[in-house]
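Source file: query-v9.txt (compact mmCIF, C-alpha atoms and all ligand atoms)
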```txt
# COMPACT_ATOMS: atom_id res chain seq x y z
CA MET A 1 0.00 0.00 0.00
CA ASN A 2 2.91 2.37 0.67
CA ARG A 3 3.16 3.12 -3.03
CA LEU A 4 -0.08 5.07 -2.63
CA TRP A 5 1.34 7.14 0.22
CA SER A 6 2.57 10.69 -0.29
CA GLU A 7 6.21 11.47 0.38
CA MET A 8 5.01 13.35 3.50
CA THR A 9 3.32 10.25 4.89
CA ARG A 10 6.37 8.12 4.21
CA ARG A 11 8.84 10.36 6.01
CA THR A 12 6.60 10.73 9.07
CA GLU A 13 7.09 8.72 12.25
CA PRO A 14 4.05 9.37 14.41
CA TYR A 15 4.27 9.94 18.15
CA ILE A 16 2.29 7.39 20.10
CA PRO A 17 1.20 8.67 23.52
CA GLY A 18 1.20 6.47 26.62
CA GLU A 19 -1.37 3.71 26.95
CA GLN A 20 -4.95 4.82 27.50
CA LEU A 21 -6.30 2.04 29.71
CA ASN A 22 -9.23 3.81 31.31
CA ARG A 23 -10.58 1.01 33.48
CA PRO A 24 -11.48 2.49 36.88
CA GLU A 25 -9.29 0.03 38.81
CA ILE A 26 -6.20 1.21 36.92
CA ILE A 27 -4.11 3.96 38.50
CA LYS A 28 -3.13 5.96 35.47
CA LEU A 29 0.09 7.88 36.08
CA ASN A 30 1.52 7.68 32.55
CA THR A 31 0.23 10.66 30.56
CA ASN A 32 0.35 13.57 33.01
CA GLU A 33 -3.38 14.03 33.30
CA ASN A 34 -4.91 15.78 36.28
CA PRO A 35 -6.33 13.34 38.87
CA TYR A 36 -9.17 15.73 39.72
CA PRO A 37 -12.28 16.29 37.57
CA PRO A 38 -12.76 19.64 35.84
CA SER A 39 -14.45 22.61 37.53
CA PRO A 40 -18.19 21.94 37.98
CA ARG A 41 -18.76 25.12 35.98
CA THR A 42 -17.35 23.38 32.91
CA GLY A 43 -20.06 20.70 33.09
CA GLU A 44 -22.80 23.31 33.53
CA ALA A 45 -21.56 25.35 30.56
CA ILE A 46 -21.35 22.26 28.34
CA GLN A 47 -24.86 21.24 29.35
CA ARG A 48 -26.19 24.65 28.31
CA GLU A 49 -24.28 24.56 25.05
CA ILE A 50 -25.72 21.20 23.98
CA GLY A 51 -28.96 22.97 22.99
CA ARG A 52 -27.02 25.01 20.45
CA LEU A 53 -25.16 22.24 18.69
CA GLN A 54 -27.20 22.75 15.50
CA LEU A 55 -25.19 25.95 14.99
CA TYR A 56 -21.57 26.24 13.89
CA PRO A 57 -19.20 27.36 16.65
CA SER A 58 -17.51 30.75 16.64
CA PRO A 59 -14.49 30.36 14.32
CA THR A 60 -12.65 32.98 16.39
CA ALA A 61 -13.67 31.54 19.79
CA ASP A 62 -14.19 35.06 21.08
CA GLY A 63 -15.59 34.23 24.51
CA LEU A 64 -12.80 31.78 25.29
CA CYS A 65 -10.05 34.08 23.98
CA GLN A 66 -11.49 36.92 26.06
CA ALA A 67 -11.50 34.79 29.24
CA ILE A 68 -7.86 33.75 28.64
CA ALA A 69 -6.84 37.33 27.83
CA GLU A 70 -8.39 38.63 31.04
CA ARG A 71 -6.61 36.01 33.10
CA GLU A 72 -3.28 36.77 31.44
CA ASN A 73 -3.71 40.55 31.51
CA LEU A 74 -3.23 40.70 27.75
CA PRO A 75 -5.45 42.09 24.98
CA ALA A 76 -7.59 39.43 23.26
CA ASP A 77 -5.66 39.86 20.00
CA HIS A 78 -2.66 38.29 21.81
CA VAL A 79 -4.50 34.95 22.20
CA PHE A 80 -4.95 31.98 19.84
CA VAL A 81 -6.81 28.75 20.62
CA ALA A 82 -6.85 25.34 18.95
CA ASN A 83 -7.50 21.66 19.49
CA GLY A 84 -5.04 20.88 22.27
CA SER A 85 -1.61 22.44 22.45
CA ASP A 86 -0.42 19.69 20.11
CA GLU A 87 -2.46 21.36 17.39
CA VAL A 88 -1.25 24.81 18.48
CA LEU A 89 2.30 23.45 18.11
CA ALA A 90 1.59 21.91 14.70
CA PHE A 91 0.15 25.22 13.46
CA SER A 92 3.18 27.01 14.93
CA PHE A 93 5.60 24.77 13.02
CA MET A 94 3.72 25.63 9.83
CA ALA A 95 3.37 29.32 10.62
CA PHE A 96 6.93 30.06 11.76
CA PHE A 97 9.47 27.45 10.63
CA ASP A 98 10.83 27.09 7.10
CA PRO A 99 12.08 23.92 5.36
CA GLY A 100 15.41 25.58 4.45
CA GLN A 101 16.34 26.65 7.98
CA THR A 102 17.46 24.52 10.90
CA ILE A 103 15.52 24.91 14.13
CA ARG A 104 16.76 23.90 17.58
CA PHE A 105 15.22 22.17 20.53
CA PRO A 106 16.71 20.37 23.53
CA ASP A 107 17.71 16.75 23.57
CA ILE A 108 15.79 15.63 25.77
CA SER A 109 12.42 17.33 25.31
CA TYR A 110 8.87 16.75 24.09
CA SER A 111 8.78 13.83 21.64
CA PHE A 112 6.38 15.62 19.29
CA TYR A 113 8.97 18.18 18.11
CA PRO A 114 10.94 15.74 15.92
CA VAL A 115 7.63 14.34 14.63
CA TYR A 116 6.42 17.75 13.44
CA SER A 117 9.87 18.60 12.11
CA LYS A 118 9.81 15.50 9.92
CA LEU A 119 6.19 15.98 8.89
CA PHE A 120 6.76 19.57 7.77
CA ASN A 121 10.27 18.94 6.43
CA ILE A 122 11.98 21.28 8.90
CA PRO A 123 15.65 20.43 9.56
CA TYR A 124 16.47 20.37 13.27
CA GLU A 125 19.39 20.22 15.69
CA GLU A 126 19.00 18.89 19.19
CA VAL A 127 20.97 20.72 21.86
CA PRO A 128 22.00 18.19 24.55
CA LEU A 129 20.98 18.98 28.10
CA ARG A 130 23.78 19.44 30.61
CA GLU A 131 24.83 16.56 32.85
CA SER A 132 22.37 17.89 35.46
CA PHE A 133 19.55 17.74 32.85
CA THR A 134 19.29 21.55 32.81
CA LEU A 135 19.26 23.52 29.53
CA ASN A 136 22.54 24.42 27.88
CA LEU A 137 21.59 28.05 27.15
CA ASP A 138 24.68 28.75 25.02
CA GLY A 139 23.54 26.05 22.62
CA PHE A 140 20.50 28.11 21.70
CA ALA A 141 22.32 31.26 20.54
CA GLN A 142 21.57 32.41 16.98
CA ALA A 143 19.43 29.52 15.87
CA GLU A 144 19.05 29.75 12.11
CA GLY A 145 15.39 28.81 11.86
CA GLY A 146 14.07 29.40 15.38
CA ILE A 147 13.70 27.63 18.69
CA ILE A 148 11.14 25.54 20.48
CA LEU A 149 11.50 24.26 24.01
CA PRO A 150 9.27 23.20 26.88
CA ASN A 151 9.44 25.03 30.20
CA PRO A 152 9.24 23.19 32.55
CA ASN A 153 10.98 20.66 30.34
CA ALA A 154 9.36 17.31 29.62
CA PRO A 155 9.98 14.61 30.64
CA THR A 156 12.54 15.97 33.13
CA GLY A 157 10.18 18.44 34.88
CA ILE A 158 13.03 20.93 35.32
CA TYR A 159 12.13 24.62 35.14
CA GLU A 160 14.38 27.20 33.48
CA SER A 161 14.33 30.67 35.07
CA LEU A 162 13.00 33.72 33.23
CA ASP A 163 16.57 35.02 33.11
CA GLY A 164 17.49 31.95 31.08
CA ILE A 165 14.54 32.41 28.72
CA ARG A 166 15.46 36.07 28.35
CA GLU A 167 19.02 35.08 27.46
CA ILE A 168 17.69 32.89 24.64
CA LEU A 169 15.43 35.70 23.39
CA GLU A 170 18.31 38.22 23.47
CA ALA A 171 20.47 35.82 21.44
CA ASN A 172 17.70 35.34 18.83
CA PRO A 173 16.10 38.72 18.13
CA ASP A 174 14.97 37.88 14.60
CA ARG A 175 13.81 34.29 14.84
CA PRO A 176 10.68 32.81 16.41
CA VAL A 177 11.17 31.51 19.94
CA ILE A 178 8.39 29.19 21.10
CA ILE A 179 8.19 28.35 24.79
CA ASP A 180 5.89 25.38 25.38
CA GLU A 181 4.43 25.97 28.83
CA ALA A 182 2.22 22.90 29.11
CA TYR A 183 3.23 22.52 32.78
CA ILE A 184 3.86 26.14 33.81
CA ASP A 185 0.95 26.33 36.26
CA PHE A 186 2.81 23.89 38.54
CA ALA A 187 5.94 26.06 38.35
CA GLY A 188 6.06 29.69 37.31
CA PRO A 189 6.63 32.47 36.60
CA SER A 190 5.57 32.27 32.97
CA ALA A 191 7.46 33.78 30.03
CA ALA A 192 4.17 35.45 29.07
CA VAL A 193 5.33 38.51 31.05
CA LEU A 194 8.04 39.00 28.40
CA ILE A 195 5.61 39.18 25.46
CA GLY A 196 5.44 43.00 25.57
CA GLU A 197 9.23 43.15 25.19
CA TYR A 198 9.78 40.46 22.55
CA ASP A 199 7.54 40.33 19.49
CA ASN A 200 9.18 37.03 18.42
CA LEU A 201 8.11 35.17 21.58
CA LEU A 202 5.22 32.71 21.38
CA VAL A 203 4.11 31.00 24.59
CA THR A 204 1.98 27.87 24.16
CA ARG A 205 -0.20 26.41 26.90
CA THR A 206 -2.79 23.73 27.48
CA THR A 207 -5.92 23.13 29.53
CA SER A 208 -5.05 19.41 29.63
CA LYS A 209 -2.98 19.52 32.81
CA SER A 210 -3.76 22.26 35.34
CA ARG A 211 -7.38 22.73 34.17
CA SER A 212 -8.22 18.98 34.12
CA LEU A 213 -9.46 19.16 30.51
CA ALA A 214 -7.28 16.69 28.60
CA GLY A 215 -10.44 15.13 27.18
CA LEU A 216 -11.77 18.42 25.81
CA ARG A 217 -8.67 19.18 23.70
CA VAL A 218 -8.11 22.90 24.21
CA GLY A 219 -4.69 24.51 23.89
CA TYR A 220 -3.72 28.12 23.41
CA ALA A 221 -0.92 30.44 22.45
CA LEU A 222 -0.01 33.90 23.71
CA GLY A 223 2.07 36.34 21.70
CA HIS A 224 2.33 39.54 19.70
CA PRO A 225 -0.70 40.04 17.38
CA GLY A 226 1.61 39.60 14.38
CA LEU A 227 2.32 36.01 15.50
CA ILE A 228 -1.33 35.34 16.34
CA GLU A 229 -2.32 36.53 12.85
CA ALA A 230 0.01 33.94 11.30
CA LEU A 231 -1.55 31.15 13.39
CA VAL A 232 -5.07 32.23 12.44
CA ARG A 233 -4.08 32.20 8.77
CA ILE A 234 -2.83 28.61 9.05
CA LYS A 235 -5.84 27.47 11.10
CA ASP A 236 -8.27 28.98 8.60
CA SER A 237 -6.55 27.05 5.84
CA PHE A 238 -7.32 23.73 7.57
CA ASN A 239 -10.51 24.09 9.56
CA SER A 240 -11.80 27.51 10.56
CA TYR A 241 -13.98 25.87 13.23
CA THR A 242 -11.13 24.02 14.89
CA LEU A 243 -12.68 24.25 18.39
CA ASP A 244 -16.22 22.90 18.72
CA ARG A 245 -18.97 24.61 20.75
CA LEU A 246 -18.64 22.30 23.78
CA ALA A 247 -14.89 22.83 23.96
CA GLN A 248 -15.20 26.61 23.71
CA ALA A 249 -17.92 26.85 26.35
CA GLY A 250 -16.37 24.29 28.70
CA ALA A 251 -12.89 25.78 28.58
CA GLU A 252 -14.19 29.33 28.99
CA ALA A 253 -16.05 28.26 32.13
CA ALA A 254 -12.83 26.68 33.46
CA PHE A 255 -10.91 29.93 32.95
CA ARG A 256 -13.64 31.77 34.82
CA ASP A 257 -13.23 29.52 37.89
CA GLU A 258 -9.85 30.58 39.24
CA THR A 259 -10.68 29.38 42.76
CA TYR A 260 -11.11 25.76 41.68
CA PHE A 261 -7.97 25.97 39.53
CA ARG A 262 -5.88 27.35 42.40
CA GLU A 263 -7.16 24.72 44.84
CA THR A 264 -6.51 21.71 42.62
CA THR A 265 -3.13 22.99 41.45
CA LYS A 266 -2.03 23.62 45.03
CA ARG A 267 -3.11 20.13 46.01
CA ILE A 268 -1.09 18.57 43.18
CA VAL A 269 2.03 20.53 44.16
CA GLN A 270 1.62 19.36 47.77
CA THR A 271 1.19 15.75 46.67
CA ARG A 272 4.22 16.12 44.40
CA ASN A 273 6.40 17.22 47.30
CA ARG A 274 5.13 14.34 49.42
CA ALA A 275 5.74 11.85 46.59
CA VAL A 276 9.34 13.08 46.18
CA GLU A 277 9.94 12.07 49.80
CA GLN A 278 8.18 8.72 49.42
CA LEU A 279 10.23 7.84 46.33
CA GLY A 280 13.42 9.12 47.97
CA ALA A 281 12.79 6.83 50.95
CA LEU A 282 12.59 3.89 48.51
CA GLY A 283 16.02 4.74 47.10
CA PHE A 284 14.95 6.65 43.97
CA ARG A 285 16.86 9.68 42.72
CA VAL A 286 14.19 12.17 41.72
CA LEU A 287 14.96 15.18 39.52
CA PRO A 288 13.71 18.51 40.94
CA SER A 289 10.23 18.77 39.41
CA SER A 290 8.27 21.92 38.67
CA ALA A 291 5.57 19.98 36.83
CA ASN A 292 2.76 17.52 37.66
CA PHE A 293 5.09 14.56 37.15
CA LEU A 294 8.32 13.18 38.58
CA PHE A 295 11.29 11.89 36.64
CA CYS A 296 13.22 9.38 38.69
CA THR A 297 15.69 6.54 38.59
CA HIS A 298 16.57 3.72 40.98
CA PRO A 299 20.21 2.60 41.18
CA GLU A 300 19.28 -1.07 41.65
CA ALA A 301 16.24 -1.49 39.43
CA ASP A 302 15.77 -1.77 35.68
CA ALA A 303 13.30 1.01 34.82
CA GLU A 304 11.62 -0.81 31.95
CA LYS A 305 11.04 -3.93 34.06
CA LEU A 306 9.78 -1.79 36.92
CA CYS A 307 7.31 -0.18 34.54
CA GLU A 308 6.07 -3.61 33.42
CA LYS A 309 5.78 -4.90 36.98
CA LEU A 310 3.81 -1.83 38.02
CA LYS A 311 1.50 -2.39 35.08
CA GLY A 312 0.97 -5.96 36.25
CA ARG A 313 -0.15 -4.49 39.57
CA GLY A 314 -2.56 -2.02 37.91
CA ILE A 315 -0.38 1.11 37.92
CA LEU A 316 0.66 2.75 34.65
CA VAL A 317 3.80 4.90 34.54
CA ARG A 318 5.92 5.95 31.57
CA HIS A 319 9.26 4.57 30.41
CA PHE A 320 11.22 6.03 27.48
CA SER A 321 13.68 3.90 25.55
CA LYS A 322 15.93 6.83 24.55
CA PRO A 323 19.49 5.90 25.62
CA ARG A 324 20.26 8.72 28.07
CA ILE A 325 16.98 8.37 29.95
CA GLN A 326 16.28 4.67 29.68
CA ASP A 327 17.03 4.20 33.39
CA TYR A 328 14.28 6.67 34.30
CA LEU A 329 10.56 6.50 34.92
CA ARG A 330 8.18 9.39 34.46
CA ILE A 331 5.42 9.27 37.04
CA THR A 332 2.40 11.58 36.94
CA VAL A 333 1.42 13.09 40.27
CA GLY A 334 -2.01 11.66 41.13
CA THR A 335 -3.99 12.00 44.35
CA ASP A 336 -2.38 11.36 47.75
CA GLU A 337 -4.13 7.97 47.84
CA GLN A 338 -2.82 7.00 44.42
CA MET A 339 0.72 8.00 45.34
CA ASP A 340 0.49 6.06 48.61
CA ARG A 341 -0.58 2.99 46.66
CA LEU A 342 2.27 3.51 44.18
CA SER A 343 4.75 3.79 46.99
CA LYS A 344 3.43 0.60 48.66
CA VAL A 345 3.51 -1.41 45.42
CA LEU A 346 6.99 -0.13 44.57
CA SER A 347 8.32 -1.12 47.98
CA GLU A 348 6.89 -4.62 47.49
CA ILE A 349 8.43 -4.93 44.04
CA LEU A 350 11.82 -3.60 45.16
CA CYS A 351 11.99 -5.84 48.23
CA LYS A 352 11.49 -9.04 46.23
N1 LIG A 401 3.68 20.02 25.27
C1 LIG A 401 4.19 19.20 26.18
C2 LIG A 401 5.57 19.45 26.69
C3 LIG A 401 3.45 18.10 26.64
O1 LIG A 401 3.98 17.23 27.51
C4 LIG A 401 2.15 17.90 26.14
C5 LIG A 401 1.30 16.76 26.64
N2 LIG A 401 1.68 15.51 26.29
C6 LIG A 401 1.67 18.77 25.18
C7 LIG A 401 2.44 19.84 24.78
C8 LIG A 401 0.33 18.58 24.51
O2 LIG A 401 -0.76 18.79 25.32
P1 LIG A 401 -2.22 18.86 24.75
O3 LIG A 401 -2.19 18.56 23.29
O4 LIG A 401 -3.00 17.88 25.53
O5 LIG A 401 -2.67 20.27 24.99
```

Hey, can you dump this file as C-alpha cells for me?
Amino acid sequence: MNRLWSEMTRRTEPYIPGEQLNRPEIIKLNTNENPYPPSPRTGEAIQREIGRLQLYPSPTADGLCQAIAERENLPADHVFVANGSDEVLAFSFMAFFDPGQTIRFPDISYSFYPVYSKLFNIPYEEVPLRESFTLNLDGFAQAEGGIILPNPNAPTGIYESLDGIREILEANPDRPVIIDEAYIDFAGPSAAVLIGEYDNLLVTRTTSKSRSLAGLRVGYALGHPGLIEALVRIKDSFNSYTLDRLAQAGAEAAFRDETYFRETTKRIVQTRNRAVEQLGALGFRVLPSSANFLFCTHPEADAEKLCEKLKGRGILVRHFSKPRIQDYLRITVGTDEQMDRLSKVLSEILCK
C-alpha cells in the first residue's frame, strides 16, 4: 500500500502517547493528566451549550479568547486557541518554521517536536541537556530557523528561570522563539510577562494539565498580534472551526473559575512534594520537578522492568527507551491515595 502514500506520509514517524487504559481500577500515572475532575462550571456550561449544537461554533472563539486574555492581563488579539496544544504546536511549526532553515530544541524534550519537524520537512538540531539535565543556554544562541522548548521541560520536569529564557530571546532577536508551557501552572513564573518586550516570543499552553481538561482538547498560544495573525491564517486554511462549541464553552467556564484551579493545582504541588519524599525513601533519585510529574531513577532497578511490573499491579507509569533516559521513569502526580498505593507497590516490588 505504501506506493499510494505521499512522500510526507512516508517520512513521518508518528508519536504514540502512553497507553490509555481507562478502566477504573487502573491507577493511570503515565500521561500527566490531572487526577481531579474539571471545575463543575465546565459541566454546567457544556450542558447549556448542547442545545445550540445545531449551529456552527464561533471560528474565532471570542468568549474563550477573552477569558484567557483577562486572566493573562493581555489584549484578546494576543491569544490563539486550537484543538489541544499539540495542534497549536503543529500550526506554529507551519506558521513560523521554514524547510530551508534549521531549528533547535533540547535533547531531551517533548517527543512531538521531531515528529512535526519530519512531517513539515523542517531540519532540526537537538541541543543536549547538561549533565544535570538543565538547559545548555549557550547552545541556543543564533538559531538559524528558530527555537522551540518546553518550560518546565518534559519529561525531566526541570524549570528554566525567566533570566534563562530572556538570554535565549536576546540571542535570537529575529527568529521565532516558542516556549511550550504545558506545565507552567505547577511552576512559574511564565514567560508570558516578556511578550510585551519580545515580538518574536510565542508562549503555548494547554488546559489538559492544570485545568483537568485533557479530554476536551483545548490549547492556546499567547504572543504579539503579528504572530497570532500567522496562526489564524494557518488554522483557517485547515478548519476555521477548529474548536467545537462544547470545547469553547467548557474551557471558557474553566478559565472563569480561578478558585477551583488554584485549589486543585495547590493540592497537586503538595502531593508532588510528598511523593518526592516517598520515592526518595525507597532509594529513587528524583529530579527537581516543577511539573505535575516526577522523573526518577533507581540505582538497583531496571526502569523498563519496573514499569512492566507496576503495570501488572494495575499502575501505569511511563518509560522512554531513549538511551540517556532509559534508566528513568516518568510518574504523573495523582492523588495522595494514588501516590500512597504507588509507593506501597513499589516497595513490594523492590523488596522481592
Ligand atoms: N507540550 C508538552 C511538553 C506536553 O507534555 C504535552 C502533553 N503531552 C503537550 C504539549 C500537549 O498537550 P495537549 O495537546 O494535551 O494540549

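Between atom CA of Gly223 of chain A and atom CA of Glu263 of chain A the interatomic distance comes to 27.5 Å.
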
As number ranges by chain, please: every protein or nucleic acid residue near ligand LIG 401 (chain A) (cut-off 8 Å, counting all atoms listed in the file).
A: 17, 31-32, 83-89, 109-110, 112, 150-155, 180-183, 205-209, 214, 217-219

Counting all atoms listed in the file, the residue among A:Thr42, A:Thr297, A:Asn136, A:Thr271 that lies closest to Phe320 of chain A is A:Thr297

Determine, for each residue of segment 306-349 of chain A having at least one atom at most 10 Å from an atom of segment 34-39 of chain A, the closest pair of atoms and their separation in Å to one decimal, counting all atoms listed in the file; order by chain and ascending number, as JSON lines.
```
{"residue": "A:Thr332", "atom": "CA", "partner": "A:Asn34", "partner_atom": "CA", "distance": 8.5}
{"residue": "A:Val333", "atom": "CA", "partner": "A:Pro35", "partner_atom": "CA", "distance": 7.9}
{"residue": "A:Gly334", "atom": "CA", "partner": "A:Pro35", "partner_atom": "CA", "distance": 5.2}
{"residue": "A:Thr335", "atom": "CA", "partner": "A:Pro35", "partner_atom": "CA", "distance": 6.1}
{"residue": "A:Asp336", "atom": "CA", "partner": "A:Pro35", "partner_atom": "CA", "distance": 9.9}
{"residue": "A:Gln338", "atom": "CA", "partner": "A:Pro35", "partner_atom": "CA", "distance": 9.1}
```

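Between atom CA of Glu125 of chain A and atom CA of Leu149 of chain A lies a distance of 12.2 Å.
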
Give me the residues near segment 259-262 of chain A as an MDAnalysis selection string, where near means some atom within 10 Å (using only C-alpha atoms) and where sequence neighbours in that chain fewer than 6 positions away do not count.
chainID A and resid 38:41 185 210:212

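For the set A:Leu350, A:Ala247, A:Ala171, A:Ile158, the residue with the smallest atom-to-atom gap to Ala82 of chain A is A:Ala247, counting all atoms listed in the file.
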
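Note that atom CA of Leu294 of chain A and atom CA of Glu348 of chain A are 20.0 Å apart.
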
Proximity to Leu342 of chain A - best of A:Leu306, A:Leu53, A:Ala61, A:Ile184, only C-alpha atoms
A:Leu306
